[in-house]
Amino acid sequence: MNYESTAQPRLSIFDMTRIAVLTAILSILAQISFPFFFGIPLTLQTFGVYLICLLASRKIAFWSIFLYVLLGTIGIPIFANFSGGPGVLIGNTGGYIFGFIGVSVLIPYLKKFVSGESVGIKKYGILYLITLAGVFLIHFCGMLQFSVVTQTEFIKTIKILSIFLPIDFLKAGMALFTAETLGSRLK
């Protein structure tokens with residue numbers, strides 16, 4: 001009897017390489033950081049998350065962002081401002097990082113419904129709305145944890161932290177433009 005497995009591995013070497021590269025890119029983008037309000041830095045971290053989710057398949061996007069969160073959680077200083085460790089996840093900005101994992105599932109799942117025949121403004125409009133759903137998920141998770149950790153009423157937290165939303169709307173648009181530009185060149 002032949003007991004050799006003929007099943008394909010869940011992740012090929014090529015997939016693992018893409019995951020590692022995308023995780024590294026996200027780690028680098030997280031370090032492009034500017035101090036902002038309430039101890040929450042303004043970074044290109046979310047731009048990286050949106051870009052990965054728009055460029056990669058569901059599997060690659062999820063594992064890239066999960067690996068990023070895992071490496072940061074075990075203490076490798078790859079979160080914003082070269083921070084790492086479980087303290088970041090339980091701090092006032094940890095909810096945003098948890099939101100990254102949700103977005104790594106949400107955006108790739110929703111983008112599969114964008115028709116291949118869709119072109120131009122319609123296609124980009126739909127993809128932008130999908131990315132905005134990710135923006136709102138990240139910010140909901142971030143605001144919720146910020147509210148709990150700082151013991152601030154959730155409504156007050158929304159009012160305070162909503163200043164970040166227009167910036168992320170812009171980052172979502174930049175990620176979409178970059179993904180469409182790179183996507184055509186990577187295929």
# chains A, B, ... in the order shown; residues from 1 in each chain; ligands from 1

$ select_by_dssp --residues "range 93-177 of chain A" --states "helix (DSSP H, G or I)" --output "ChimeraX atom specification"
/A:94-111,120-150,154-161,164-177

$ write_last_selection --atoms "C-alpha atoms" --output "short mmCIF file (atom, residue, chain, number, x, y, z; two decimals), in the first residue's frame"
data_model
loop_
_atom_site.label_atom_id
_atom_site.label_comp_id
_atom_site.auth_asym_id
_atom_site.auth_seq_id
_atom_site.Cartn_x
_atom_site.Cartn_y
_atom_site.Cartn_z
CA GLY A 94 -4.81 47.23 21.79
CA GLY A 95 -8.33 47.22 20.41
CA TYR A 96 -7.09 48.67 17.15
CA ILE A 97 -4.68 45.75 16.81
CA PHE A 98 -7.44 43.23 17.54
CA GLY A 99 -9.46 45.01 14.85
CA PHE A 100 -6.69 44.26 12.34
CA ILE A 101 -7.46 40.56 12.61
CA GLY A 102 -11.17 41.15 12.02
CA VAL A 103 -10.42 43.32 9.02
CA SER A 104 -8.10 40.63 7.61
CA VAL A 105 -11.20 38.46 7.33
CA LEU A 106 -13.80 41.13 6.46
CA ILE A 107 -12.19 42.99 3.54
CA PRO A 108 -10.97 39.94 1.60
CA TYR A 109 -14.33 38.22 2.17
CA LEU A 110 -16.32 41.19 0.87
CA LYS A 111 -14.02 41.95 -2.05
CA GLY A 120 -13.77 52.11 -13.42
CA ILE A 121 -15.57 54.25 -10.90
CA LYS A 122 -18.11 51.55 -9.96
CA LYS A 123 -15.42 48.99 -9.10
CA TYR A 124 -13.30 51.48 -7.17
CA GLY A 125 -16.33 52.87 -5.39
CA ILE A 126 -17.38 49.42 -4.20
CA LEU A 127 -13.83 48.52 -3.14
CA TYR A 128 -13.54 51.84 -1.29
CA LEU A 129 -16.80 51.17 0.58
CA ILE A 130 -15.54 47.70 1.48
CA THR A 131 -12.32 49.22 2.80
CA LEU A 132 -14.33 51.78 4.77
CA ALA A 133 -16.16 48.88 6.44
CA GLY A 134 -12.71 47.79 7.60
CA VAL A 135 -11.93 51.31 8.82
CA PHE A 136 -15.08 51.30 10.94
CA LEU A 137 -14.36 47.82 12.32
CA ILE A 138 -10.83 48.77 13.39
CA HIS A 139 -12.05 52.00 14.96
CA PHE A 140 -14.97 50.33 16.72
CA CYS A 141 -12.61 47.77 18.30
CA GLY A 142 -10.09 50.48 19.15
CA MET A 143 -12.66 52.83 20.65
CA LEU A 144 -14.28 50.04 22.64
CA GLN A 145 -11.02 48.97 24.26
CA PHE A 146 -9.90 52.59 24.78
CA SER A 147 -13.20 53.24 26.56
CA VAL A 148 -12.78 50.21 28.82
CA VAL A 149 -9.09 50.77 29.63
CA THR A 150 -9.43 54.51 30.28
CA PHE A 154 -18.18 54.94 25.08
CA ILE A 155 -20.10 57.87 23.57
CA LYS A 156 -17.47 60.29 24.90
CA THR A 157 -14.73 58.04 23.49
CA ILE A 158 -16.39 58.12 20.07
CA LYS A 159 -16.50 61.91 20.18
CA ILE A 160 -12.85 62.13 21.23
CA LEU A 161 -11.37 59.54 18.87
CA PHE A 164 -8.83 59.66 13.47
CA LEU A 165 -11.60 58.62 11.07
CA PRO A 166 -11.01 61.17 8.28
CA ILE A 167 -7.31 60.32 8.34
CA ASP A 168 -8.12 56.63 7.93
CA PHE A 169 -10.60 57.41 5.15
CA LEU A 170 -7.66 58.97 3.33
CA LYS A 171 -5.41 55.99 4.13
CA ALA A 172 -8.10 53.65 2.80
CA GLY A 173 -8.18 55.56 -0.48
CA MET A 174 -4.38 55.55 -0.70
CA ALA A 175 -4.33 51.80 -0.02
CA LEU A 176 -6.90 51.19 -2.75
CA PHE A 177 -4.94 53.27 -5.26
#

$ closest_residue --among "A:Gln45, A:Thr181, A:Thr152, A:Ser64" --to "Phe82 in chain A" --atoms "only C-alpha atoms"
A:Gln45

$ closest_residue --among "A:Leu89, A:Ala179, A:Ile13, A:Ile52" --to "Leu70 in chain A" --atoms "only C-alpha atoms"
A:Leu89

$ residues_around --residues "range 26-36 of chain A" --least-positions-apart "5" --cutoff "10 Å" --atoms "only C-alpha atoms" --output "ChimeraX atom specification"
/A:20-21,41-49,51-52,64-65,68-69,71-72,77-83,164

$ select_by_dssp --residues "chain A" --states "strand (DSSP E or B)" --output "PDB file with C-alpha atoms, in the first residue's frame"
ATOM      1  CA  SER A  33       4.598  57.080  13.296  1.00  0.00           C
ATOM      2  CA  PHE A  34       3.746  60.553  14.527  1.00  0.00           C
ATOM      3  CA  LEU A  42      -0.793  58.339  13.868  1.00  0.00           C
ATOM      4  CA  THR A  43       0.903  55.567  11.875  1.00  0.00           C
ATOM      5  CA  PHE A  79       3.993  47.422  16.782  1.00  0.00           C
ATOM      6  CA  SER A  83       6.615  48.460  20.927  1.00  0.00           C
TER       7      SER A  83
END
